>>> print(open('query04.cif').read())   # mmCIF, C-alpha atoms
data_protein
#
loop_
_atom_site.label_atom_id
_atom_site.label_comp_id
_atom_site.auth_asym_id
_atom_site.auth_seq_id
_atom_site.Cartn_x
_atom_site.Cartn_y
_atom_site.Cartn_z
CA MET A 1238 -17.62 47.02 20.08
CA ARG A 1239 -17.58 46.75 16.33
CA LYS A 1240 -19.42 43.90 14.74
CA GLY A 1241 -17.29 41.06 13.44
CA HIS A 1242 -14.71 41.38 16.19
CA ALA A 1243 -14.81 38.56 18.72
CA MET A 1244 -14.11 39.30 22.32
CA PRO A 1245 -10.70 38.08 23.48
CA VAL A 1246 -10.87 34.89 25.50
CA ASN A 1247 -8.47 34.39 28.37
CA ARG A 1248 -7.53 30.75 28.40
CA THR A 1249 -5.76 29.56 31.49
CA ARG A 1250 -3.94 26.26 31.41
CA ALA A 1251 -5.42 23.85 33.92
CA LYS A 1252 -3.07 22.88 36.69
CA TRP A 1253 -1.98 19.29 36.89
CA THR A 1254 -3.44 17.26 39.67
CA ALA A 1255 -1.35 15.07 41.92
CA GLY A 1256 -2.74 11.96 40.22
CA GLN A 1257 -1.76 13.23 36.76
CA ILE A 1258 1.76 14.00 37.96
CA VAL A 1259 2.16 10.54 39.48
CA LEU A 1260 0.81 8.79 36.36
CA THR A 1261 3.05 10.88 34.08
CA ALA A 1262 6.11 10.11 36.18
CA LEU A 1263 5.22 6.42 36.26
CA GLY A 1264 4.67 6.34 32.48
CA THR A 1265 7.99 8.09 31.91
CA ALA A 1266 9.80 5.59 34.13
CA VAL A 1267 8.20 2.60 32.39
CA SER A 1268 9.01 4.08 28.98
CA ALA A 1269 12.64 4.58 30.03
CA VAL A 1270 12.88 0.95 31.16
CA TRP A 1271 11.44 -0.30 27.85
CA LEU A 1272 13.64 1.99 25.74
CA SER A 1273 16.88 1.30 27.61
CA PRO A 1274 17.67 -1.95 25.70
CA LEU A 1275 17.30 -0.11 22.38
CA VAL A 1276 19.55 2.71 23.59
CA TRP A 1277 22.10 0.17 24.85
CA ALA A 1278 22.04 -1.67 21.52
CA LEU A 1279 22.53 1.60 19.61
CA PHE A 1280 25.48 2.69 21.74
CA THR A 1281 27.06 -0.77 21.56
CA SER A 1282 26.75 -0.82 17.77
CA LEU A 1283 28.74 2.42 17.65
CA LYS A 1284 31.66 0.88 19.58
CA SER A 1285 34.58 -1.13 18.30
CA GLU A 1286 34.50 -4.85 19.05
CA THR A 1287 37.27 -4.41 21.62
CA GLU A 1288 35.37 -1.68 23.43
CA ALA A 1289 32.09 -3.60 23.23
CA VAL A 1290 33.51 -6.48 25.32
CA ALA A 1291 35.59 -4.31 27.63
CA VAL A 1292 35.17 -4.82 31.38
CA PRO A 1293 33.83 -2.84 33.16
CA THR A 1294 31.19 -1.94 30.62
CA HIS A 1295 30.06 1.61 29.95
CA TRP A 1296 27.10 3.10 28.13
CA MET A 1297 28.58 5.78 25.90
CA PRO A 1298 31.18 4.82 23.28
CA ARG A 1299 34.52 6.52 23.87
CA ASP A 1300 35.35 6.48 20.16
CA VAL A 1301 32.28 6.47 17.93
CA THR A 1302 32.77 4.18 14.93
CA PHE A 1303 30.48 2.71 12.28
CA GLN A 1304 32.73 -0.31 11.81
CA ALA A 1305 30.05 -2.76 12.98
CA TRP A 1306 27.46 -1.32 10.59
CA ARG A 1307 29.87 -1.47 7.64
CA ALA A 1308 30.84 -5.03 8.53
CA MET A 1309 27.21 -6.13 8.53
CA PHE A 1310 26.81 -4.97 4.94
CA GLU A 1311 30.24 -6.12 3.76
CA THR A 1312 30.54 -9.57 5.35
CA GLY A 1313 26.88 -10.51 5.79
CA ASN A 1314 24.08 -10.91 3.27
CA ILE A 1315 22.01 -8.36 5.15
CA THR A 1316 20.13 -7.25 2.02
CA ASP A 1317 19.21 -10.84 1.10
CA TRP A 1318 18.16 -11.58 4.68
CA PHE A 1319 15.95 -8.50 4.74
CA VAL A 1320 14.30 -9.37 1.40
CA ASN A 1321 13.73 -12.96 2.52
CA SER A 1322 12.08 -11.79 5.74
CA VAL A 1323 9.84 -9.41 3.80
CA VAL A 1324 8.80 -12.10 1.30
CA VAL A 1325 8.09 -14.73 3.96
CA SER A 1326 6.31 -12.37 6.36
CA VAL A 1327 4.12 -10.75 3.69
CA CYS A 1328 3.12 -14.11 2.20
CA VAL A 1329 2.36 -15.62 5.61
CA THR A 1330 0.34 -12.56 6.61
CA SER A 1331 -1.70 -12.60 3.39
CA VAL A 1332 -2.54 -16.29 3.67
CA VAL A 1333 -3.33 -16.11 7.40
CA VAL A 1334 -5.66 -13.10 7.01
CA LEU A 1335 -7.55 -14.78 4.14
CA VAL A 1336 -7.82 -18.20 5.81
CA SER A 1337 -8.71 -16.74 9.21
CA ALA A 1338 -11.42 -14.51 7.75
CA LEU A 1339 -13.03 -17.38 5.83
CA ALA A 1340 -12.79 -19.85 8.72
CA GLY A 1341 -13.93 -17.34 11.35
CA TYR A 1342 -16.94 -16.29 9.28
CA GLY A 1343 -17.82 -19.91 8.52
CA PHE A 1344 -17.83 -20.83 12.21
CA ALA A 1345 -19.73 -17.69 13.22
CA ARG A 1346 -22.48 -17.65 10.59
CA THR A 1347 -22.98 -21.09 9.07
CA GLU A 1348 -24.35 -24.30 10.52
CA PHE A 1349 -23.03 -27.69 9.44
CA ARG A 1350 -22.63 -31.15 10.89
CA GLY A 1351 -19.62 -31.46 13.20
CA LYS A 1352 -19.20 -27.70 13.56
CA ASN A 1353 -18.61 -27.75 17.32
CA ALA A 1354 -16.15 -30.64 17.08
CA LEU A 1355 -14.20 -28.91 14.31
CA LEU A 1356 -14.18 -25.61 16.20
CA GLY A 1357 -12.92 -27.44 19.29
CA LEU A 1358 -10.16 -29.03 17.21
CA VAL A 1359 -9.10 -25.61 15.94
CA MET A 1360 -9.12 -24.17 19.44
CA ALA A 1361 -7.03 -27.11 20.65
CA GLY A 1362 -4.28 -25.73 18.45
CA LEU A 1363 -3.97 -22.84 20.91
CA MET A 1364 -2.73 -25.27 23.55
CA VAL A 1365 0.00 -26.85 21.42
CA SER A 1366 3.39 -25.17 21.36
CA PRO A 1367 4.86 -24.69 17.86
CA ALA A 1368 8.14 -26.17 19.13
CA VAL A 1369 6.37 -29.49 19.82
CA LEU A 1370 5.28 -29.69 16.17
CA GLY A 1371 8.74 -28.93 14.81
CA VAL A 1372 9.85 -32.50 14.12
CA PRO A 1373 6.61 -33.79 12.48
CA LEU A 1374 6.33 -30.59 10.44
CA PHE A 1375 9.92 -30.93 9.26
CA SER A 1376 9.34 -34.57 8.29
CA THR A 1377 6.27 -33.54 6.30
CA VAL A 1378 8.07 -30.68 4.55
CA GLN A 1379 11.04 -32.91 3.78
CA SER A 1380 8.83 -35.61 2.27
CA MET A 1381 7.24 -32.96 0.04
CA GLY A 1382 10.62 -31.73 -1.17
CA MET A 1383 10.18 -28.23 0.23
CA VAL A 1384 13.33 -28.01 2.37
CA ASP A 1385 15.42 -24.94 1.48
CA THR A 1386 12.51 -23.29 -0.31
CA TYR A 1387 10.28 -20.31 0.38
CA TRP A 1388 7.22 -22.59 0.46
CA GLY A 1389 8.82 -24.68 3.18
CA MET A 1390 9.20 -21.60 5.36
CA ILE A 1391 5.79 -20.09 4.54
CA LEU A 1392 3.17 -22.85 4.54
CA PRO A 1393 3.80 -24.34 8.03
CA GLN A 1394 3.31 -20.87 9.53
CA CYS A 1395 -0.17 -20.56 7.99
CA ALA A 1396 -2.13 -22.51 10.62
CA PRO A 1397 -3.63 -19.56 12.50
CA ALA A 1398 -5.75 -21.01 15.33
CA ALA A 1399 -5.48 -17.84 17.43
CA MET A 1400 -6.31 -15.58 14.48
CA VAL A 1401 -9.33 -17.72 13.56
CA TYR A 1402 -10.60 -17.33 17.12
CA ILE A 1403 -10.10 -13.54 17.06
CA LEU A 1404 -12.10 -13.10 13.86
CA TYR A 1405 -14.66 -15.70 14.95
CA LYS A 1406 -15.40 -13.61 18.04
CA PHE A 1407 -15.65 -10.45 15.94
CA PHE A 1408 -17.98 -11.94 13.32
CA GLN A 1409 -20.28 -13.07 16.11
CA SER A 1410 -20.69 -9.42 17.12
CA VAL A 1411 -21.69 -8.25 13.63
CA PRO A 1412 -25.48 -7.61 13.55
CA LYS A 1413 -27.23 -10.31 11.55
CA GLU A 1414 -29.75 -7.73 10.33
CA LEU A 1415 -27.13 -6.28 7.99
CA GLU A 1416 -26.60 -9.63 6.31
CA GLU A 1417 -30.31 -10.41 6.21
CA ALA A 1418 -30.98 -7.10 4.45
CA ALA A 1419 -28.38 -8.01 1.83
CA PHE A 1420 -29.92 -11.46 1.40
CA ILE A 1421 -33.33 -9.87 0.82
CA ASP A 1422 -31.80 -7.69 -1.90
CA GLY A 1423 -30.66 -10.85 -3.65
CA ALA A 1424 -27.03 -11.04 -2.57
CA GLY A 1425 -25.46 -14.45 -2.08
CA ARG A 1426 -23.32 -15.63 0.80
CA TRP A 1427 -20.02 -14.77 -0.91
CA ARG A 1428 -21.19 -11.32 -1.95
CA VAL A 1429 -22.41 -10.59 1.57
CA PHE A 1430 -19.06 -11.72 2.96
CA PHE A 1431 -16.95 -9.55 0.63
CA THR A 1432 -19.19 -6.45 0.38
CA VAL A 1433 -20.83 -6.28 3.81
CA VAL A 1434 -18.85 -8.21 6.40
CA LEU A 1435 -15.25 -7.56 5.34
CA PRO A 1436 -15.60 -3.76 5.15
CA LEU A 1437 -16.89 -3.82 8.72
CA SER A 1438 -13.96 -6.00 9.75
CA ARG A 1439 -11.13 -3.66 8.79
CA PRO A 1440 -9.93 -2.97 12.37
CA SER A 1441 -9.89 -6.67 13.25
CA LEU A 1442 -8.31 -7.68 9.96
CA ALA A 1443 -5.64 -5.01 10.45
CA ALA A 1444 -4.89 -6.29 13.95
CA VAL A 1445 -4.67 -9.90 12.75
CA GLY A 1446 -2.38 -8.86 9.90
CA ILE A 1447 -0.09 -6.85 12.16
CA PHE A 1448 0.14 -9.57 14.81
CA THR A 1449 0.87 -12.20 12.16
CA PHE A 1450 3.50 -10.06 10.42
CA ILE A 1451 5.33 -9.43 13.69
CA ALA A 1452 5.23 -13.09 14.69
CA SER A 1453 6.47 -14.24 11.29
CA TRP A 1454 9.21 -11.61 11.16
CA ASN A 1455 10.50 -12.65 14.60
CA ASN A 1456 10.21 -16.38 13.94
CA PHE A 1457 13.63 -17.94 14.41
CA LEU A 1458 13.07 -21.63 15.10
CA TRP A 1459 11.18 -22.78 12.00
CA PRO A 1460 13.28 -21.00 9.32
CA TYR A 1461 16.36 -22.26 11.16
CA MET A 1462 15.09 -25.84 10.96
CA VAL A 1463 13.92 -25.83 7.37
CA THR A 1464 16.77 -24.09 5.57
CA ASN A 1465 20.56 -24.26 5.56
CA ASN A 1466 20.97 -22.10 2.47
CA PRO A 1467 22.57 -18.73 3.42
CA ASP A 1468 20.75 -17.09 0.50
CA LEU A 1469 17.36 -18.05 2.00
CA MET A 1470 18.03 -17.06 5.61
CA THR A 1471 15.72 -14.54 7.26
CA MET A 1472 16.93 -11.69 9.45
CA PRO A 1473 16.86 -13.57 12.80
CA ASN A 1474 18.73 -16.54 11.32
CA GLY A 1475 21.24 -14.41 9.44
CA ILE A 1476 22.04 -12.28 12.47
CA ALA A 1477 22.61 -15.44 14.53
CA THR A 1478 25.51 -16.31 12.20
CA VAL A 1479 27.38 -13.12 13.14
CA MET A 1480 30.17 -14.87 14.98
CA ASN A 1481 33.60 -16.26 14.23
CA SER A 1482 36.18 -18.47 15.88
CA TYR A 1483 36.72 -15.82 18.55
CA GLY A 1484 33.08 -15.73 19.59
CA ILE A 1485 30.12 -13.46 19.03
CA GLN A 1486 30.75 -10.08 17.46
CA TRP A 1487 28.66 -8.03 19.86
CA ALA A 1488 28.82 -4.70 18.05
CA GLN A 1489 27.77 -6.35 14.78
CA LEU A 1490 25.07 -8.32 16.57
CA MET A 1491 23.59 -5.12 18.02
CA ALA A 1492 23.73 -3.38 14.64
CA GLY A 1493 21.98 -6.30 12.99
CA GLY A 1494 19.39 -6.47 15.76
CA LEU A 1495 18.55 -2.80 15.29
CA MET A 1496 18.17 -3.28 11.54
CA ALA A 1497 15.96 -6.30 12.10
CA GLY A 1498 13.80 -4.46 14.65
CA LEU A 1499 13.39 -1.27 12.62
CA PRO A 1500 10.44 -2.56 10.50
CA LEU A 1501 8.62 -3.68 13.66
CA ILE A 1502 9.14 -0.28 15.27
CA VAL A 1503 7.71 1.36 12.15
CA VAL A 1504 4.71 -0.99 12.24
CA PHE A 1505 3.97 -0.14 15.87
CA VAL A 1506 4.40 3.60 15.36
CA PHE A 1507 2.16 3.87 12.30
CA PHE A 1508 -0.40 1.15 13.10
CA GLN A 1509 -0.83 1.38 16.87
CA ARG A 1510 -4.37 2.74 16.44
CA GLN A 1511 -5.32 -0.25 14.30
CA ILE A 1512 -3.85 -2.62 16.90
CA VAL A 1513 -5.84 -1.07 19.75
CA ALA A 1514 -9.02 -0.79 17.67
CA GLY A 1515 -8.67 -4.37 16.46
CA VAL A 1516 -8.38 -5.77 19.98
CA ALA A 1517 -11.33 -3.66 21.12
CA HIS A 1518 -13.53 -4.76 18.20
CA THR A 1519 -12.80 -8.47 18.67
CA GLY A 1520 -14.28 -8.50 22.15
CA LEU A 1521 -11.08 -9.93 23.64
CA ALA A 1522 -10.21 -6.85 25.69
CA GLY A 1523 -12.19 -8.00 28.70
CA GLN A 1524 -11.27 -11.67 28.48
#
>>> encode(input="query04.cif", output="structure tokens")
Amino acid sequence: MRKGHAMPVNRTRAKWTAGQIVLTALGTAVSAVWLSPLVWALFTSLKSETEAVAVPTHWMPRDVTFQAWRAMFETGNITDWFVNSVVVSVCVTSVVVLVSALAGYGFARTEFRGKNALLGLVMAGLMVSPAVLGVPLFSTVQSMGMVDTYWGMILPQCAPAAMVYILYKFFQSVPKELEEAAFIDGAGRWRVFFTVVLPLSRPSLAAVGIFTFIASWNNFLWPYMVTNNPDLMTMPNGIATVMNSYGIQWAQLMAGGLMAGLPLIVVFVFFQRQIVAGVAHTGLAGQ
């Protein structure tokens, strides 16, 4: 055989085992169950309102029409709702990531009087439902003159007890030797935090940011309570107004729901690795 010519390699595809076949079939079935509501919403949005409420119901539209999609853009402030959701969600995510990182690092690496009591108070926030705090929060926002404002929607969502706990657990797992080496080189606490700790925290910070963005984007109750201005409504609140004297417009509601869910689908598709890595790095996977 001439030099420089590799011998052909016969690669045979490994046969699937019975366990792999069962797991693949099970995963396909679960995926179909999870995707069926999205498929139903898409097909319903392509029906006329008369066909959408017809009994008996059917999956496929008999006459495909984009009337519901056009109506959402013509009669609703869908663009304003989308922009409002982006502004509120991005601001809430930025504040929560910053506050959670500072608080989590402070609890994990510094010692001060009353630390355990304060940490317990923060963790107690995990046991309180946001709905319970709705009335006192609204009274506070109203007294500060922030009703029907962006600040009124943003600030009350920036009390991230769960996110503080996630980053607190992660910072505890960071080797102290890395920080001590930086201290020996003359770095201060803030420099160590921003140049040593935060770069190591990218997976956890990404997970916290993604979780917060999704929660803020889907938040219906608080924006509904704090604003009555149609120009300040977010996507969930705006879509809830898609009704008239004859009842809910189901085709329009499904079209609006798909538009509202599209950014979240994009987030999951492009950042699923960061979500998994973030949960794994926080040490919460086994808890």
>>> closest_residue(input="query04.cif", among="A:Val1384, A:Leu1404, A:Ala1269, A:Ala1418", to="Asn1466 (chain A)", atoms="all atoms listed in the file")
A:Val1384
>>> resolve_selection(input="query04.cif", expression="the PyMOL selection byres ((chain A and resi 1438) around 9)", output="PDB file with C-alpha atoms, in the coordinates of the input")
ATOM      1  CA  LEU A1404     -12.100 -13.100  13.860  1.00  0.00           C
ATOM      2  CA  PHE A1407     -15.650 -10.450  15.940  1.00  0.00           C
ATOM      3  CA  PHE A1408     -17.980 -11.940  13.320  1.00  0.00           C
ATOM      4  CA  VAL A1411     -21.690  -8.250  13.630  1.00  0.00           C
ATOM      5  CA  VAL A1434     -18.850  -8.210   6.400  1.00  0.00           C
ATOM      6  CA  LEU A1435     -15.250  -7.560   5.340  1.00  0.00           C
ATOM      7  CA  PRO A1436     -15.600  -3.760   5.150  1.00  0.00           C
ATOM      8  CA  LEU A1437     -16.890  -3.820   8.720  1.00  0.00           C
ATOM      9  CA  ARG A1439     -11.130  -3.660   8.790  1.00  0.00           C
ATOM     10  CA  PRO A1440      -9.930  -2.970  12.370  1.00  0.00           C
ATOM     11  CA  SER A1441      -9.890  -6.670  13.250  1.00  0.00           C
ATOM     12  CA  LEU A1442      -8.310  -7.680   9.960  1.00  0.00           C
ATOM     13  CA  ALA A1443      -5.640  -5.010  10.450  1.00  0.00           C
ATOM     14  CA  GLY A1515      -8.670  -4.370  16.460  1.00  0.00           C
ATOM     15  CA  HIS A1518     -13.530  -4.760  18.200  1.00  0.00           C
TER      16      HIS A1518
END
>>> residues_around(input="query04.cif", residues="region 1471-1479 of chain A", least_positions_apart="4", cutoff="7 Å", atoms="all atoms listed in the file", output="number ranges by chain")
A: 1318-1319, 1321-1322, 1455, 1457, 1461, 1485-1486, 1489-1490, 1493, 1497
>>> write_last_selection(input="query04.cif", atoms="C-alpha atoms", output="PDB file, in the frame of the given file")
ATOM      1  CA  TRP A1318      18.160 -11.580   4.680  1.00  0.00           C
ATOM      2  CA  PHE A1319      15.950  -8.500   4.740  1.00  0.00           C
ATOM      3  CA  ASN A1321      13.730 -12.960   2.520  1.00  0.00           C
ATOM      4  CA  SER A1322      12.080 -11.790   5.740  1.00  0.00           C
ATOM      5  CA  ASN A1455      10.500 -12.650  14.600  1.00  0.00           C
ATOM      6  CA  PHE A1457      13.630 -17.940  14.410  1.00  0.00           C
ATOM      7  CA  TYR A1461      16.360 -22.260  11.160  1.00  0.00           C
ATOM      8  CA  ILE A1485      30.120 -13.460  19.030  1.00  0.00           C
ATOM      9  CA  GLN A1486      30.750 -10.080  17.460  1.00  0.00           C
ATOM     10  CA  GLN A1489      27.770  -6.350  14.780  1.00  0.00           C
ATOM     11  CA  LEU A1490      25.070  -8.320  16.570  1.00  0.00           C
ATOM     12  CA  GLY A1493      21.980  -6.300  12.990  1.00  0.00           C
ATOM     13  CA  ALA A1497      15.960  -6.300  12.100  1.00  0.00           C
TER      14      ALA A1497
END
>>> resolve_selection(input="query04.cif", expression="the PyMOL selection byres ((chain A and resi 1301) around 9)", output="NGL selection string")
:A and (1280 or 1283-1285 or 1297-1300 or 1302-1303)
>>> residues_around(input="query04.cif", residues="Pro1397 (chain A)", least_positions_apart="4", cutoff="12 Å", atoms="all atoms listed in the file", output="MDAnalysis selection string")
chainID A and resid 1329:1341 1359:1363 1367 1392:1393 1401:1405 1445:1446 1448:1449 1452:1453
>>> atom_distance(input="query04.cif", atom1="CA of Asp1317 (chain A)", atom2="CA of Phe1450 (chain A)")
18.3 Å
>>> atom_distance(input="query04.cif", atom1="CA of Ser1376 (chain A)", atom2="CA of Leu1356 (chain A)")
26.4 Å
>>> atom_distance(input="query04.cif", atom1="CA of Gln1257 (chain A)", atom2="CA of Leu1272 (chain A)")
22.0 Å
>>> closest_residue(input="query04.cif", among="A:Val1463, A:Ile1421, A:Leu1355, A:Val1323", to="Gly1389 (chain A)", atoms="all atoms listed in the file")
A:Val1463
>>> closest_residue(input="query04.cif", among="A:Trp1459, A:Phe1430, A:Trp1306, A:Trp1253", to="Ala1345 (chain A)", atoms="only C-alpha atoms")
A:Phe1430
>>> closest_residue(input="query04.cif", among="A:Ile1258, A:Ile1447, A:Leu1263, A:Ala1291", to="Val1506 (chain A)", atoms="all atoms listed in the file")
A:Ile1447
>>> resolve_selection(input="query04.cif", expression="the PyMOL selection byres ((chain A and resi 1491) around 8)", output="list in words")
Ala1278, Leu1279, Thr1281, Ser1282, Trp1487, Ala1488, Gln1489, Leu1490, Ala1492, Gly1493, Gly1494 and Leu1495 of chain A
>>> decode(input="query04.cif", residues="region 1380-1479 of chain A", atoms="C-alpha atoms", output="PDB file, in the first residue's frame")
ATOM      1  CA  SER A1380     -48.216  56.287  48.499  1.00  0.00           C
ATOM      2  CA  MET A1381     -44.994  56.815  46.527  1.00  0.00           C
ATOM      3  CA  GLY A1382     -46.898  57.999  43.459  1.00  0.00           C
ATOM      4  CA  MET A1383     -45.661  55.173  41.237  1.00  0.00           C
ATOM      5  CA  VAL A1384     -49.019  53.796  40.067  1.00  0.00           C
ATOM      6  CA  ASP A1385     -49.227  53.658  36.248  1.00  0.00           C
ATOM      7  CA  THR A1386     -45.458  53.971  35.885  1.00  0.00           C
ATOM      8  CA  TYR A1387     -42.666  51.660  34.807  1.00  0.00           C
ATOM      9  CA  TRP A1388     -41.037  51.980  38.232  1.00  0.00           C
ATOM     10  CA  GLY A1389     -44.222  50.791  39.895  1.00  0.00           C
ATOM     11  CA  MET A1390     -44.137  47.606  37.823  1.00  0.00           C
ATOM     12  CA  ILE A1391     -40.374  47.031  38.100  1.00  0.00           C
ATOM     13  CA  LEU A1392     -39.270  47.722  41.674  1.00  0.00           C
ATOM     14  CA  PRO A1393     -41.691  45.401  43.565  1.00  0.00           C
ATOM     15  CA  GLN A1394     -40.465  42.490  41.423  1.00  0.00           C
ATOM     16  CA  CYS A1395     -36.850  43.054  42.503  1.00  0.00           C
ATOM     17  CA  ALA A1396     -36.966  41.197  45.833  1.00  0.00           C
ATOM     18  CA  PRO A1397     -35.245  37.984  44.742  1.00  0.00           C
ATOM     19  CA  ALA A1398     -35.093  35.709  47.809  1.00  0.00           C
ATOM     20  CA  ALA A1399     -34.851  32.540  45.694  1.00  0.00           C
ATOM     21  CA  MET A1400     -32.163  34.012  43.445  1.00  0.00           C
ATOM     22  CA  VAL A1401     -30.130  35.173  46.454  1.00  0.00           C
ATOM     23  CA  TYR A1402     -30.240  31.621  47.803  1.00  0.00           C
ATOM     24  CA  ILE A1403     -29.140  30.137  44.451  1.00  0.00           C
ATOM     25  CA  LEU A1404     -26.089  32.394  44.207  1.00  0.00           C
ATOM     26  CA  TYR A1405     -25.377  32.056  47.928  1.00  0.00           C
ATOM     27  CA  LYS A1406     -25.083  28.289  47.494  1.00  0.00           C
ATOM     28  CA  PHE A1407     -22.843  28.737  44.463  1.00  0.00           C
ATOM     29  CA  PHE A1408     -20.495  31.240  46.108  1.00  0.00           C
ATOM     30  CA  GLN A1409     -20.053  28.833  48.994  1.00  0.00           C
ATOM     31  CA  SER A1410     -18.649  26.288  46.530  1.00  0.00           C
ATOM     32  CA  VAL A1411     -16.036  28.678  45.094  1.00  0.00           C
ATOM     33  CA  PRO A1412     -12.582  27.755  46.485  1.00  0.00           C
ATOM     34  CA  LYS A1413     -11.429  30.342  48.998  1.00  0.00           C
ATOM     35  CA  GLU A1414      -7.844  29.833  47.841  1.00  0.00           C
ATOM     36  CA  LEU A1415      -8.586  31.768  44.658  1.00  0.00           C
ATOM     37  CA  GLU A1416      -9.734  34.794  46.632  1.00  0.00           C
ATOM     38  CA  GLU A1417      -6.889  34.511  49.131  1.00  0.00           C
ATOM     39  CA  ALA A1418      -4.359  34.513  46.284  1.00  0.00           C
ATOM     40  CA  ALA A1419      -5.919  37.707  44.943  1.00  0.00           C
ATOM     41  CA  PHE A1420      -5.829  39.275  48.413  1.00  0.00           C
ATOM     42  CA  ILE A1421      -2.127  38.453  48.694  1.00  0.00           C
ATOM     43  CA  ASP A1422      -1.532  40.212  45.371  1.00  0.00           C
ATOM     44  CA  GLY A1423      -3.083  43.336  46.854  1.00  0.00           C
ATOM     45  CA  ALA A1424      -6.602  43.153  45.461  1.00  0.00           C
ATOM     46  CA  GLY A1425      -9.450  44.490  47.568  1.00  0.00           C
ATOM     47  CA  ARG A1426     -12.792  42.858  48.262  1.00  0.00           C
ATOM     48  CA  TRP A1427     -14.583  44.635  45.389  1.00  0.00           C
ATOM     49  CA  ARG A1428     -11.846  43.841  42.887  1.00  0.00           C
ATOM     50  CA  VAL A1429     -11.852  40.185  43.922  1.00  0.00           C
ATOM     51  CA  PHE A1430     -15.626  40.087  43.523  1.00  0.00           C
ATOM     52  CA  PHE A1431     -15.669  41.613  40.028  1.00  0.00           C
ATOM     53  CA  THR A1432     -12.465  40.074  38.585  1.00  0.00           C
ATOM     54  CA  VAL A1433     -12.305  36.661  40.254  1.00  0.00           C
ATOM     55  CA  VAL A1434     -15.700  35.584  41.552  1.00  0.00           C
ATOM     56  CA  LEU A1435     -18.069  36.929  38.887  1.00  0.00           C
ATOM     57  CA  PRO A1436     -16.198  35.397  35.922  1.00  0.00           C
ATOM     58  CA  LEU A1437     -16.477  32.022  37.650  1.00  0.00           C
ATOM     59  CA  SER A1438     -20.187  32.613  38.220  1.00  0.00           C
ATOM     60  CA  ARG A1439     -21.274  32.986  34.600  1.00  0.00           C
ATOM     61  CA  PRO A1440     -23.347  29.765  34.456  1.00  0.00           C
ATOM     62  CA  SER A1441     -25.167  30.583  37.685  1.00  0.00           C
ATOM     63  CA  LEU A1442     -25.665  34.228  36.759  1.00  0.00           C
ATOM     64  CA  ALA A1443     -27.032  33.157  33.368  1.00  0.00           C
ATOM     65  CA  ALA A1444     -29.474  30.761  35.026  1.00  0.00           C
ATOM     66  CA  VAL A1445     -30.640  33.413  37.498  1.00  0.00           C
ATOM     67  CA  GLY A1446     -31.077  35.919  34.678  1.00  0.00           C
ATOM     68  CA  ILE A1447     -33.054  33.494  32.523  1.00  0.00           C
ATOM     69  CA  PHE A1448     -35.319  32.370  35.372  1.00  0.00           C
ATOM     70  CA  THR A1449     -35.975  35.981  36.371  1.00  0.00           C
ATOM     71  CA  PHE A1450     -36.684  37.101  32.807  1.00  0.00           C
ATOM     72  CA  ILE A1451     -39.192  34.289  32.287  1.00  0.00           C
ATOM     73  CA  ALA A1452     -40.936  34.964  35.599  1.00  0.00           C
ATOM     74  CA  SER A1453     -41.153  38.693  34.929  1.00  0.00           C
ATOM     75  CA  TRP A1454     -42.362  38.194  31.360  1.00  0.00           C
ATOM     76  CA  ASN A1455     -45.145  35.859  32.523  1.00  0.00           C
ATOM     77  CA  ASN A1456     -46.132  37.994  35.516  1.00  0.00           C
ATOM     78  CA  PHE A1457     -49.789  38.901  35.172  1.00  0.00           C
ATOM     79  CA  LEU A1458     -51.035  39.772  38.650  1.00  0.00           C
ATOM     80  CA  TRP A1459     -48.748  42.633  39.665  1.00  0.00           C
ATOM     81  CA  PRO A1460     -48.806  44.639  36.384  1.00  0.00           C
ATOM     82  CA  TYR A1461     -52.578  44.138  36.355  1.00  0.00           C
ATOM     83  CA  MET A1462     -52.848  45.610  39.854  1.00  0.00           C
ATOM     84  CA  VAL A1463     -50.519  48.556  39.426  1.00  0.00           C
ATOM     85  CA  THR A1464     -51.552  49.946  36.041  1.00  0.00           C
ATOM     86  CA  ASN A1465     -54.793  50.745  34.247  1.00  0.00           C
ATOM     87  CA  ASN A1466     -53.130  52.619  31.397  1.00  0.00           C
ATOM     88  CA  PRO A1467     -53.490  50.641  28.122  1.00  0.00           C
ATOM     89  CA  ASP A1468     -50.224  52.161  26.883  1.00  0.00           C
ATOM     90  CA  LEU A1469     -48.322  50.604  29.822  1.00  0.00           C
ATOM     91  CA  MET A1470     -49.839  47.123  29.705  1.00  0.00           C
ATOM     92  CA  THR A1471     -47.522  44.145  29.308  1.00  0.00           C
ATOM     93  CA  MET A1472     -48.227  41.217  27.003  1.00  0.00           C
ATOM     94  CA  PRO A1473     -50.167  39.049  29.518  1.00  0.00           C
ATOM     95  CA  ASN A1474     -52.357  41.994  30.558  1.00  0.00           C
ATOM     96  CA  GLY A1475     -52.919  43.215  27.009  1.00  0.00           C
ATOM     97  CA  ILE A1476     -53.877  39.786  25.738  1.00  0.00           C
ATOM     98  CA  ALA A1477     -56.376  39.431  28.595  1.00  0.00           C
ATOM     99  CA  THR A1478     -58.283  42.409  27.158  1.00  0.00           C
ATOM    100  CA  VAL A1479     -58.946  40.573  23.884  1.00  0.00           C
TER     101      VAL A1479
END
